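Containing mmCIF, C-alpha atoms: target.cif.
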data_start
loop_
_atom_site.label_atom_id
_atom_site.label_comp_id
_atom_site.auth_asym_id
_atom_site.auth_seq_id
_atom_site.Cartn_x
_atom_site.Cartn_y
_atom_site.Cartn_z
CA MET A 1 -57.06 29.95 30.20
CA SER A 2 -60.15 31.56 31.66
CA ALA A 3 -60.22 35.32 31.99
CA ALA A 4 -62.19 35.09 35.23
CA GLY A 5 -60.77 37.39 37.88
CA ARG A 6 -58.65 39.43 35.50
CA SER A 7 -58.76 43.18 34.95
CA ALA A 8 -58.84 45.33 31.83
CA LEU A 9 -58.03 49.03 31.59
CA ILE A 10 -59.53 50.98 28.69
CA VAL A 11 -57.46 54.07 27.84
CA ARG A 12 -59.25 56.28 25.35
CA GLY A 13 -59.12 59.83 24.03
CA GLY A 14 -57.19 61.93 21.55
CA TRP A 15 -58.60 62.75 18.12
CA GLU A 16 -62.38 62.40 18.11
CA GLY A 17 -62.41 61.40 14.45
CA HIS A 18 -61.63 57.84 15.52
CA SER A 19 -64.58 57.74 17.94
CA PRO A 20 -62.58 56.56 20.96
CA VAL A 21 -65.59 56.29 23.24
CA GLU A 22 -67.96 54.66 20.77
CA THR A 23 -65.44 52.12 19.49
CA THR A 24 -64.17 51.02 22.90
CA GLU A 25 -67.73 50.74 24.21
CA LEU A 26 -68.36 48.11 21.54
CA PHE A 27 -66.03 45.67 23.26
CA LEU A 28 -67.02 46.15 26.89
CA PRO A 29 -69.75 43.47 26.79
CA ALA A 30 -67.38 40.84 25.38
CA LEU A 31 -64.70 41.66 27.93
CA THR A 32 -67.22 41.55 30.75
CA GLU A 33 -68.59 38.24 29.50
CA ALA A 34 -65.03 36.90 29.38
CA GLY A 35 -64.67 37.70 33.08
CA PHE A 36 -62.70 40.94 33.06
CA ALA A 37 -63.31 43.67 35.61
CA ILE A 38 -63.14 46.86 33.53
CA SER A 39 -61.92 50.33 34.39
CA ILE A 40 -61.73 53.31 32.03
CA SER A 41 -59.30 56.21 31.89
CA GLU A 42 -59.45 59.25 29.64
CA ASP A 43 -56.19 60.63 31.03
CA LEU A 44 -52.77 59.45 29.89
CA ASP A 45 -51.40 60.05 33.37
CA VAL A 46 -52.80 56.62 34.18
CA TYR A 47 -49.65 55.28 32.52
CA GLN A 48 -47.64 56.77 35.38
CA ASP A 49 -49.51 54.67 37.96
CA ARG A 50 -47.12 51.75 38.01
CA ASP A 51 -48.94 49.90 40.79
CA LEU A 52 -52.20 50.04 38.84
CA LEU A 53 -50.60 48.88 35.60
CA ALA A 54 -48.79 46.04 37.39
CA ALA A 55 -52.16 44.82 38.65
CA THR A 56 -53.79 45.17 35.22
CA ASP A 57 -53.93 42.16 32.92
CA LEU A 58 -54.94 43.98 29.74
CA ILE A 59 -54.71 47.55 28.45
CA VAL A 60 -57.01 48.37 25.52
CA GLN A 61 -55.89 51.66 24.01
CA CYS A 62 -57.74 53.92 21.57
CA TRP A 63 -55.89 57.25 21.62
CA SER A 64 -55.10 58.83 18.25
CA MET A 65 -52.82 61.79 17.48
CA GLY A 66 -51.50 62.08 21.02
CA SER A 67 -48.19 62.45 22.75
CA LEU A 68 -46.70 60.78 25.80
CA THR A 69 -44.41 62.30 28.36
CA GLU A 70 -41.24 60.36 29.10
CA GLU A 71 -42.78 59.23 32.39
CA GLN A 72 -46.01 58.05 30.75
CA SER A 73 -44.15 56.17 28.02
CA ALA A 74 -41.79 54.52 30.49
CA GLY A 75 -44.65 53.46 32.73
CA LEU A 76 -46.62 51.88 29.90
CA VAL A 77 -43.73 50.17 28.16
CA SER A 78 -42.28 48.77 31.39
CA ALA A 79 -45.69 47.43 32.44
CA VAL A 80 -46.11 45.57 29.15
CA HIS A 81 -42.56 44.27 29.36
CA ALA A 82 -43.40 42.90 32.82
CA GLY A 83 -46.48 41.07 31.54
CA THR A 84 -49.45 43.42 31.16
CA GLY A 85 -51.16 42.79 27.82
CA PHE A 86 -51.65 45.60 25.31
CA ALA A 87 -54.20 45.69 22.48
CA GLY A 88 -56.00 48.05 20.15
CA TRP A 89 -56.76 49.00 16.59
CA HIS A 90 -56.16 51.51 13.83
CA GLY A 91 -54.79 54.98 14.60
CA GLY A 92 -55.51 54.50 18.29
CA VAL A 93 -52.31 52.42 18.39
CA VAL A 94 -50.13 53.24 15.35
CA GLY A 95 -51.29 56.79 14.61
CA THR A 96 -50.22 58.29 17.89
CA PHE A 97 -47.27 58.92 20.25
CA ASN A 98 -44.96 59.25 17.25
CA GLU A 99 -42.13 60.78 19.26
CA SER A 100 -42.11 57.97 21.85
CA LEU A 101 -39.67 55.57 20.26
CA ASP A 102 -39.91 52.91 22.96
CA TYR A 103 -43.69 52.89 22.54
CA LEU A 104 -43.39 52.50 18.76
CA ARG A 105 -40.95 49.61 19.12
CA MET A 106 -43.35 47.94 21.55
CA VAL A 107 -46.40 48.15 19.27
CA GLY A 108 -44.41 47.39 16.14
CA GLY A 109 -45.84 49.86 13.66
CA LEU A 110 -46.23 53.47 12.62
CA PHE A 111 -48.98 54.79 10.34
CA LEU A 112 -47.67 56.55 7.22
CA HIS A 113 -50.43 56.95 4.66
CA HIS A 114 -53.86 56.03 3.42
CA PRO A 115 -55.68 57.10 0.24
CA PRO A 116 -58.10 59.98 0.79
CA ASP A 117 -61.19 57.83 0.20
CA PHE A 118 -62.43 54.58 1.69
CA LEU A 119 -61.47 51.56 -0.43
CA ASP A 120 -62.95 48.14 -1.03
CA TYR A 121 -60.14 45.71 -0.32
CA ARG A 122 -59.58 42.10 0.66
CA VAL A 123 -57.96 41.00 3.90
CA THR A 124 -56.21 37.63 3.57
CA ILE A 125 -55.60 35.38 6.56
CA ALA A 126 -51.96 34.28 6.60
CA PRO A 127 -52.08 30.54 5.73
CA GLU A 128 -49.24 29.73 8.09
CA GLN A 129 -51.22 31.28 10.97
CA ALA A 130 -54.63 29.79 10.13
CA VAL A 131 -54.76 27.85 13.42
CA HIS A 132 -53.83 30.84 15.57
CA PRO A 133 -56.64 31.32 18.13
CA ILE A 134 -57.33 34.88 16.95
CA VAL A 135 -58.12 33.87 13.36
CA ALA A 136 -58.85 30.13 13.61
CA GLY A 137 -61.86 29.24 11.48
CA LEU A 138 -62.03 32.67 9.82
CA GLY A 139 -61.73 33.03 6.08
CA ASP A 140 -60.48 35.89 3.93
CA PHE A 141 -62.86 38.83 4.00
CA ASP A 142 -63.60 42.16 2.33
CA VAL A 143 -63.83 45.56 3.97
CA THR A 144 -64.66 49.07 2.85
CA THR A 145 -62.61 51.47 4.91
CA GLU A 146 -59.19 53.12 5.10
CA GLN A 147 -56.29 51.00 3.89
CA TYR A 148 -53.29 51.69 6.09
CA TRP A 149 -49.72 51.84 4.83
CA MET A 150 -47.43 51.40 7.84
CA LEU A 151 -43.83 50.98 8.80
CA THR A 152 -43.48 47.64 10.56
CA ASP A 153 -40.77 45.16 11.52
CA SER A 154 -40.19 41.42 11.49
CA LEU A 155 -40.67 40.89 15.22
CA SER A 156 -44.44 40.67 14.74
CA THR A 157 -46.41 37.57 13.89
CA VAL A 158 -48.62 38.66 11.00
CA LEU A 159 -52.06 37.04 11.07
CA ALA A 160 -53.65 38.85 8.13
CA ARG A 161 -52.48 40.96 5.19
CA THR A 162 -53.78 43.14 2.41
CA ARG A 163 -52.33 44.13 -0.95
CA ILE A 164 -51.91 47.82 -1.67
CA GLU A 165 -52.04 48.56 -5.37
CA PRO A 166 -49.64 51.20 -6.77
CA GLU A 167 -52.41 53.66 -7.63
CA ASN A 168 -53.73 53.47 -4.07
CA GLY A 169 -50.37 53.68 -2.38
CA GLY A 170 -49.22 56.69 -4.33
CA HIS A 171 -46.15 55.05 -5.85
CA GLY A 172 -45.36 53.75 -9.29
CA GLY A 173 -44.03 50.29 -8.49
CA GLU A 174 -45.40 46.83 -7.82
CA PRO A 175 -48.23 46.02 -5.38
CA VAL A 176 -47.19 46.03 -1.72
CA ASP A 177 -48.24 43.38 0.78
CA MET A 178 -49.10 45.13 4.04
CA PRO A 179 -49.86 43.59 7.45
CA VAL A 180 -53.38 44.22 8.75
CA VAL A 181 -53.45 42.13 11.94
CA TRP A 182 -50.45 41.19 14.00
CA THR A 183 -49.32 40.04 17.41
CA ARG A 184 -45.96 40.39 19.08
CA ARG A 185 -44.22 39.68 22.35
CA TRP A 186 -42.66 42.49 24.33
CA GLY A 187 -40.77 41.01 27.23
CA ALA A 188 -43.34 39.01 29.18
CA GLY A 189 -46.24 40.95 27.64
CA LYS A 190 -48.33 40.23 24.56
CA VAL A 191 -49.43 42.83 22.01
CA PHE A 192 -52.39 42.61 19.60
CA PHE A 193 -53.07 45.10 16.80
CA SER A 194 -55.56 45.37 13.95
CA ALA A 195 -55.39 48.17 11.38
CA ILE A 196 -59.18 48.06 10.88
CA GLY A 197 -61.27 50.41 12.99
CA HIS A 198 -61.55 53.93 11.63
CA ARG A 199 -65.23 54.08 12.59
CA PRO A 200 -67.58 51.98 14.72
CA ALA A 201 -69.16 50.40 11.63
CA ASP A 202 -65.78 48.92 10.65
CA LEU A 203 -65.54 47.12 13.98
CA THR A 204 -69.08 45.74 13.94
CA ALA A 205 -68.54 43.78 10.71
CA PRO A 206 -68.82 40.17 11.94
CA THR A 207 -65.36 38.87 11.05
CA VAL A 208 -63.62 42.05 12.20
CA ARG A 209 -65.52 42.04 15.48
CA THR A 210 -64.73 38.37 16.09
CA LEU A 211 -61.00 38.67 15.48
CA THR A 212 -60.80 41.90 17.50
CA GLU A 213 -62.60 40.40 20.49
CA ARG A 214 -60.37 37.33 20.30
CA GLY A 215 -57.29 39.51 20.01
CA LEU A 216 -58.13 41.50 23.13
CA VAL A 217 -58.56 38.36 25.20
CA TRP A 218 -55.47 36.73 23.67
CA ALA A 219 -53.27 39.68 24.63
CA ALA A 220 -54.25 39.62 28.30
CA ARG A 221 -51.91 38.24 30.92
#

Please lay out the structure from this file as C-alpha coordinates.
Amino acid sequence: MSAAGRSALIVRGGWEGHSPVETTELFLPALTEAGFAISISEDLDVYQDRDLLAATDLIVQCWSMGSLTEEQSAGLVSAVHAGTGFAGWHGGVVGTFNESLDYLRMVGGLFLHHPPDFLDYRVTIAPEQAVHPIVAGLGDFDVTTEQYWMLTDSLSTVLARTRIEPENGGHGGEPVDMPVVWTRRWGAGKVFFSAIGHRPADLTAPTVRTLTERGLVWAAR
(Lines of atoms letter the chains of each structure in order from A and count residues from 1; the text may use other names and numbers.)
(Lines give C-alpha, C1' and ligand atoms only; values in the text may rest on other atoms or scores of the structure.)
Protein backbone atom coordinates (compact mmCIF):
# COMPACT_ATOMS: atom_id res chain seq x y z
CA MET A 1 0.00 0.00 0.00
CA SER A 2 1.28 3.45 -0.85
CA ALA A 3 2.25 5.75 1.99
CA ALA A 4 0.97 8.78 0.10
CA GLY A 5 -1.12 11.02 2.32
CA ARG A 6 -0.01 9.45 5.58
CA SER A 7 1.61 11.18 8.54
CA ALA A 8 4.63 10.34 10.67
CA LEU A 9 5.46 11.76 14.09
CA ILE A 10 9.10 11.70 15.19
CA VAL A 11 9.44 11.73 18.99
CA ARG A 12 13.04 12.24 20.05
CA GLY A 13 15.03 13.22 23.12
CA GLY A 14 16.34 11.72 26.32
CA TRP A 15 19.97 10.65 26.68
CA GLU A 16 22.14 12.45 24.13
CA GLY A 17 24.55 9.52 23.93
CA HIS A 18 22.19 7.88 21.44
CA SER A 19 22.15 10.96 19.19
CA PRO A 20 18.36 11.25 18.98
CA VAL A 21 18.41 14.19 16.58
CA GLU A 22 21.15 12.92 14.29
CA THR A 23 19.79 9.38 14.03
CA THR A 24 16.18 10.36 13.38
CA GLU A 25 17.26 12.94 10.80
CA LEU A 26 18.80 10.09 8.80
CA PHE A 27 15.37 8.68 8.02
CA LEU A 28 13.44 11.83 7.20
CA PRO A 29 14.33 11.76 3.48
CA ALA A 30 13.13 8.15 3.08
CA LEU A 31 9.89 8.87 4.92
CA THR A 32 9.29 11.98 2.86
CA GLU A 33 10.01 10.08 -0.35
CA ALA A 34 7.54 7.41 0.76
CA GLY A 35 4.86 10.08 0.99
CA PHE A 36 4.69 10.79 4.72
CA ALA A 37 4.02 14.26 6.07
CA ILE A 38 6.44 14.54 9.00
CA SER A 39 6.14 16.34 12.31
CA ILE A 40 8.69 16.31 15.14
CA SER A 41 8.23 16.52 18.89
CA GLU A 42 10.91 16.77 21.54
CA ASP A 43 8.35 16.72 24.36
CA LEU A 44 6.77 13.53 25.68
CA ASP A 45 3.57 15.42 26.41
CA VAL A 46 2.75 14.83 22.75
CA TYR A 47 1.67 11.36 23.87
CA GLN A 48 -1.19 12.99 25.78
CA ASP A 49 -2.61 14.52 22.59
CA ARG A 50 -4.99 11.72 21.74
CA ASP A 51 -6.51 13.50 18.74
CA LEU A 52 -3.07 14.01 17.20
CA LEU A 53 -2.01 10.41 17.79
CA ALA A 54 -5.29 9.10 16.38
CA ALA A 55 -4.57 11.03 13.18
CA THR A 56 -0.95 9.83 13.04
CA ASP A 57 -0.10 6.76 10.98
CA LEU A 58 3.41 6.19 12.32
CA ILE A 59 5.32 7.15 15.45
CA VAL A 60 9.11 6.88 15.19
CA GLN A 61 10.57 7.09 18.68
CA CYS A 62 14.19 7.69 19.73
CA TRP A 63 14.07 8.55 23.44
CA SER A 64 16.56 6.78 25.70
CA MET A 65 16.67 6.69 29.51
CA GLY A 66 13.36 8.47 29.95
CA SER A 67 10.21 8.06 31.96
CA LEU A 68 6.55 8.38 31.05
CA THR A 69 3.75 9.68 33.19
CA GLU A 70 0.71 7.45 33.47
CA GLU A 71 -1.15 9.81 31.12
CA GLN A 72 1.64 9.78 28.52
CA SER A 73 1.95 6.01 28.61
CA ALA A 74 -1.80 5.49 28.35
CA GLY A 75 -2.05 7.89 25.42
CA LEU A 76 0.73 6.21 23.47
CA VAL A 77 -0.26 2.62 24.16
CA SER A 78 -3.94 3.23 23.41
CA ALA A 79 -3.08 4.97 20.13
CA VAL A 80 -0.98 2.03 18.96
CA HIS A 81 -3.68 -0.40 20.06
CA ALA A 82 -6.14 1.56 17.92
CA GLY A 83 -3.90 1.35 14.83
CA THR A 84 -1.12 3.94 14.95
CA GLY A 85 2.18 2.30 13.97
CA PHE A 86 5.20 2.44 16.29
CA ALA A 87 8.84 1.97 15.28
CA GLY A 88 12.36 2.66 16.42
CA TRP A 89 15.73 1.23 17.29
CA HIS A 90 18.19 0.46 20.06
CA GLY A 91 17.87 2.14 23.47
CA GLY A 92 15.43 4.67 22.06
CA VAL A 93 12.79 1.93 22.35
CA VAL A 94 13.97 -0.76 24.80
CA GLY A 95 16.32 1.29 27.00
CA THR A 96 13.72 3.69 28.28
CA PHE A 97 10.40 4.04 30.16
CA ASN A 98 11.32 1.03 32.30
CA GLU A 99 8.61 1.70 34.87
CA SER A 100 5.83 1.86 32.26
CA LEU A 101 4.79 -1.77 32.12
CA ASP A 102 2.12 -1.31 29.45
CA TYR A 103 4.69 0.39 27.23
CA LEU A 104 7.18 -2.46 27.72
CA ARG A 105 4.55 -5.07 26.87
CA MET A 106 3.69 -3.13 23.73
CA VAL A 107 7.27 -2.91 22.42
CA GLY A 108 8.15 -6.41 23.55
CA GLY A 109 11.59 -5.95 25.02
CA LEU A 110 13.71 -4.47 27.78
CA PHE A 111 17.46 -3.81 27.53
CA LEU A 112 19.50 -5.59 30.19
CA HIS A 113 23.18 -5.61 29.26
CA HIS A 114 25.87 -5.12 26.69
CA PRO A 115 29.64 -5.67 26.94
CA PRO A 116 31.58 -2.48 27.66
CA ASP A 117 33.20 -2.41 24.21
CA PHE A 118 31.85 -2.54 20.68
CA LEU A 119 31.90 -6.07 19.24
CA ASP A 120 32.18 -7.54 15.77
CA TYR A 121 29.21 -9.87 15.45
CA ARG A 122 27.03 -11.48 12.81
CA VAL A 123 23.34 -10.80 12.39
CA THR A 124 21.48 -13.75 10.87
CA ILE A 125 18.22 -13.34 8.99
CA ALA A 126 15.65 -15.82 10.31
CA PRO A 127 15.22 -18.36 7.46
CA GLU A 128 11.52 -18.74 8.16
CA GLN A 129 11.07 -14.97 7.69
CA ALA A 130 13.28 -14.53 4.62
CA VAL A 131 10.33 -13.36 2.48
CA HIS A 132 9.11 -10.81 5.03
CA PRO A 133 9.06 -7.39 3.30
CA ILE A 134 11.45 -5.88 5.86
CA VAL A 135 14.25 -8.37 5.18
CA ALA A 136 13.36 -9.85 1.78
CA GLY A 137 16.46 -10.15 -0.38
CA LEU A 138 18.84 -9.29 2.46
CA GLY A 139 21.53 -11.71 3.54
CA ASP A 140 23.24 -12.23 6.88
CA PHE A 141 25.54 -9.33 7.73
CA ASP A 142 28.24 -8.25 10.16
CA VAL A 143 28.23 -5.20 12.41
CA THR A 144 30.63 -3.60 14.84
CA THR A 145 28.63 -2.02 17.61
CA GLU A 146 26.94 -2.80 20.93
CA GLN A 147 25.43 -6.26 21.21
CA TYR A 148 22.21 -6.02 23.19
CA TRP A 149 21.05 -8.63 25.67
CA MET A 150 17.32 -8.10 26.22
CA LEU A 151 14.31 -9.59 27.90
CA THR A 152 11.77 -10.43 25.21
CA ASP A 153 8.66 -12.57 24.75
CA SER A 154 7.19 -14.92 22.18
CA LEU A 155 4.56 -12.50 20.86
CA SER A 156 7.12 -10.96 18.50
CA THR A 157 7.97 -12.17 15.03
CA VAL A 158 11.76 -12.32 15.03
CA LEU A 159 13.28 -11.33 11.68
CA ALA A 160 16.97 -11.45 12.62
CA ARG A 161 19.07 -12.85 15.45
CA THR A 162 22.58 -12.80 16.83
CA ARG A 163 24.48 -15.24 19.02
CA ILE A 164 25.90 -13.94 22.28
CA GLU A 165 28.94 -15.90 23.38
CA PRO A 166 29.34 -16.64 27.12
CA GLU A 167 32.40 -14.42 27.52
CA ASN A 168 30.52 -11.49 25.99
CA GLY A 169 27.31 -12.03 27.90
CA GLY A 170 28.99 -12.28 31.27
CA HIS A 171 27.76 -15.78 32.08
CA GLY A 172 29.41 -19.16 32.10
CA GLY A 173 26.95 -21.21 30.07
CA GLU A 174 26.22 -21.92 26.43
CA PRO A 175 25.87 -19.28 23.69
CA VAL A 176 22.55 -17.41 23.73
CA ASP A 177 20.52 -16.66 20.62
CA MET A 178 19.18 -13.12 20.93
CA PRO A 179 16.65 -11.32 18.71
CA VAL A 180 18.00 -8.27 16.87
CA VAL A 181 15.06 -7.28 14.68
CA TRP A 182 11.43 -8.01 15.41
CA THR A 183 7.89 -6.99 14.63
CA ARG A 184 4.75 -7.47 16.66
CA ARG A 185 1.07 -6.62 16.62
CA TRP A 186 -0.46 -4.61 19.43
CA GLY A 187 -4.19 -4.51 18.94
CA ALA A 188 -4.69 -2.96 15.51
CA GLY A 189 -1.22 -1.40 15.52
CA LYS A 190 2.09 -2.71 14.21
CA VAL A 191 5.43 -2.39 15.99
CA PHE A 192 8.92 -2.55 14.44
CA PHE A 193 12.15 -2.68 16.43
CA SER A 194 15.84 -3.09 15.62
CA ALA A 195 18.50 -3.35 18.32
CA ILE A 196 21.11 -1.75 16.03
CA GLY A 197 21.54 2.00 16.27
CA HIS A 198 23.80 3.17 19.07
CA ARG A 199 25.35 5.81 16.81
CA PRO A 200 24.54 7.30 13.41
CA ALA A 201 27.28 5.25 11.73
CA ASP A 202 25.51 2.03 12.77
CA LEU A 203 22.36 3.11 10.96
CA THR A 204 24.09 4.20 7.75
CA ALA A 205 25.54 0.73 7.08
CA PRO A 206 23.69 -0.27 3.89
CA THR A 207 21.86 -3.38 5.11
CA VAL A 208 20.95 -1.81 8.45
CA ARG A 209 19.67 1.33 6.76
CA THR A 210 17.62 -0.67 4.27
CA LEU A 211 15.91 -2.86 6.85
CA THR A 212 15.30 0.10 9.16
CA GLU A 213 13.72 2.20 6.42
CA ARG A 214 11.57 -0.76 5.39
CA GLY A 215 10.60 -1.38 9.00
CA LEU A 216 9.43 2.18 9.54
CA VAL A 217 7.19 2.07 6.48
CA TRP A 218 5.95 -1.44 7.32
CA ALA A 219 4.83 -0.37 10.80
CA ALA A 220 2.71 2.52 9.56
CA ARG A 221 -1.06 2.26 9.46

Which residues of region 131-216 of chain A come within 9 Å of region 104-117 of chain A, and for each one, what is the closest pair of atoms and their distance in Å to one decimal, counting only C-alpha atoms, sorted by chain and residue number, as JSON lines?
{"residue": "A:Thr145", "atom": "CA", "partner": "A:Asp117", "partner_atom": "CA", "distance": 8.0}
{"residue": "A:Glu146", "atom": "CA", "partner": "A:His114", "partner_atom": "CA", "distance": 6.3}
{"residue": "A:Gln147", "atom": "CA", "partner": "A:His114", "partner_atom": "CA", "distance": 5.6}
{"residue": "A:Tyr148", "atom": "CA", "partner": "A:His114", "partner_atom": "CA", "distance": 5.1}
{"residue": "A:Trp149", "atom": "CA", "partner": "A:His113", "partner_atom": "CA", "distance": 5.2}
{"residue": "A:Met150", "atom": "CA", "partner": "A:Phe111", "partner_atom": "CA", "distance": 4.5}
{"residue": "A:Leu151", "atom": "CA", "partner": "A:Leu110", "partner_atom": "CA", "distance": 5.2}
{"residue": "A:Thr152", "atom": "CA", "partner": "A:Gly109", "partner_atom": "CA", "distance": 4.5}
{"residue": "A:Asp153", "atom": "CA", "partner": "A:Gly108", "partner_atom": "CA", "distance": 6.3}
{"residue": "A:Ser154", "atom": "CA", "partner": "A:Gly108", "partner_atom": "CA", "distance": 8.7}
{"residue": "A:Leu155", "atom": "CA", "partner": "A:Gly108", "partner_atom": "CA", "distance": 7.6}
{"residue": "A:Ser156", "atom": "CA", "partner": "A:Gly108", "partner_atom": "CA", "distance": 6.9}
{"residue": "A:Asn168", "atom": "CA", "partner": "A:Pro115", "partner_atom": "CA", "distance": 6.0}
{"residue": "A:Gly169", "atom": "CA", "partner": "A:Pro115", "partner_atom": "CA", "distance": 6.8}
{"residue": "A:Gly170", "atom": "CA", "partner": "A:Pro115", "partner_atom": "CA", "distance": 7.9}
{"residue": "A:Trp182", "atom": "CA", "partner": "A:Gly108", "partner_atom": "CA", "distance": 8.9}
{"residue": "A:Thr183", "atom": "CA", "partner": "A:Val107", "partner_atom": "CA", "distance": 8.8}
{"residue": "A:Arg184", "atom": "CA", "partner": "A:Gly108", "partner_atom": "CA", "distance": 7.7}
{"residue": "A:Arg185", "atom": "CA", "partner": "A:Met106", "partner_atom": "CA", "distance": 8.3}
{"residue": "A:Trp186", "atom": "CA", "partner": "A:Met106", "partner_atom": "CA", "distance": 6.2}
{"residue": "A:Val191", "atom": "CA", "partner": "A:Val107", "partner_atom": "CA", "distance": 6.7}
{"residue": "A:Phe192", "atom": "CA", "partner": "A:Val107", "partner_atom": "CA", "distance": 8.2}
{"residue": "A:Phe193", "atom": "CA", "partner": "A:Val107", "partner_atom": "CA", "distance": 7.7}

Practice prompt. Could you check which of A:Leu138, A:Ala82, A:Val77, A:Val60 is closest to Ser41 (chain A), using all atoms listed in the file?
Written response: A:Val60

Discussion item. Using the chain letters and numbers from this file, what does the PyMOL selection byres ((chain A and resi 72-75) around 7) select? Give the answer as a list in words.
Written reply: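 Expected selection for the PyMOL selection byres ((chain A and resi 72-75) around 7) here is Leu44, Asp45, Tyr47, Gln48, Arg50, Leu68, Thr69, Glu70, Glu71, Leu76, Val77, Ser78, Ala79, Ser100 and Tyr103 of chain A.
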
Worksheet item: Hey, what comes out of the PyMOL selection byres ((chain A and resi 21) around 12) on this file? Could you write it as a list in words?
Response: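 Selected by the PyMOL selection byres ((chain A and resi 21) around 12) in this file: Ile10, Val11, Arg12, Gly13, Gly14, Trp15, Glu16, Gly17, His18, Ser19, Pro20, Glu22, Thr23, Thr24, Glu25, Leu26, Phe27, Leu28, Ile40, Ser41, Glu42, Val60, Gln61, Cys62, Trp63, Ser64, Gly92, Arg199 and Pro200 of chain A.
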
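For the point (-49.2, 29.3, 13.6), the residues with an atom at a distance of at most 12 Å are Ile125, Ala126, Pro127, Glu128, Gln129, Ala130, Val131, His132, Pro133, Ile134, Val135, Ala136, Thr157, Val158, Leu159, Ala160, Trp182 and Thr183 of chain A, counting only C-alpha atoms.
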
Fill in: Spatial neighbours of Thr56 (chain A), max dist 9 Å, all atoms listed in the file, sep filter under 3 positions, as a PyMOL selection string
chain A and resi 6-9+51-53+59+79+84-85+220-221

Worksheet item: Which one is closest to Leu101 (chain A): A:Ser67, A:Phe118, A:Val46, A:Phe141? Count all atoms listed in the file.
Response: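 Checking each candidate against Leu101 (chain A), we get A:Ser67 as the closest.
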
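A straight line drawn from CA of His81 (chain A) to CA of Ala54 (chain A) is 10.3 Å long.
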
Item to complete: In Å, rounded to a single decimal, give me how far CA of Thr144 (chain A) is from CA of His198 (chain A).
Response: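 CA of Thr144 (chain A) lies 10.5 Å from CA of His198 (chain A).
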
Fill in: Spatial neighbours of Val143 (chain A), 7 Å, only C-alpha atoms, chain gap at least 4 places, as a list of chain:residue names
A:Asp120, A:Tyr121, A:Arg122

Worksheet item: Which is closest to Glu99 (chain A) among A:Ile38, A:Met65, A:Ile196, A:Ala205, if we use all atoms listed in the file?
Response: A:Met65

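You will find CA of Gly83 (chain A) at 25.5 Å from CA of Gly197 (chain A).
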
Give me the residues near Thr124 (chain A) as a PDB file with C-alpha atoms, keeping the file's coordinate frame, where near means some atom within 9 Å (using only C-alpha atoms) and where sequence neighbours in that chain fewer than 5 positions away do not count.
ATOM      1  CA  GLY A 139     -61.730  33.030   6.080  1.00  0.00           C
ATOM      2  CA  ASP A 140     -60.480  35.890   3.930  1.00  0.00           C
ATOM      3  CA  PHE A 141     -62.860  38.830   4.000  1.00  0.00           C
ATOM      4  CA  ASP A 142     -63.600  42.160   2.330  1.00  0.00           C
ATOM      5  CA  LEU A 159     -52.060  37.040  11.070  1.00  0.00           C
ATOM      6  CA  ALA A 160     -53.650  38.850   8.130  1.00  0.00           C
ATOM      7  CA  ARG A 161     -52.480  40.960   5.190  1.00  0.00           C
ATOM      8  CA  THR A 162     -53.780  43.140   2.410  1.00  0.00           C
ATOM      9  CA  ARG A 163     -52.330  44.130  -0.950  1.00  0.00           C
ATOM     10  CA  VAL A 180     -53.380  44.220   8.750  1.00  0.00           C
TER      11      VAL A 180
END
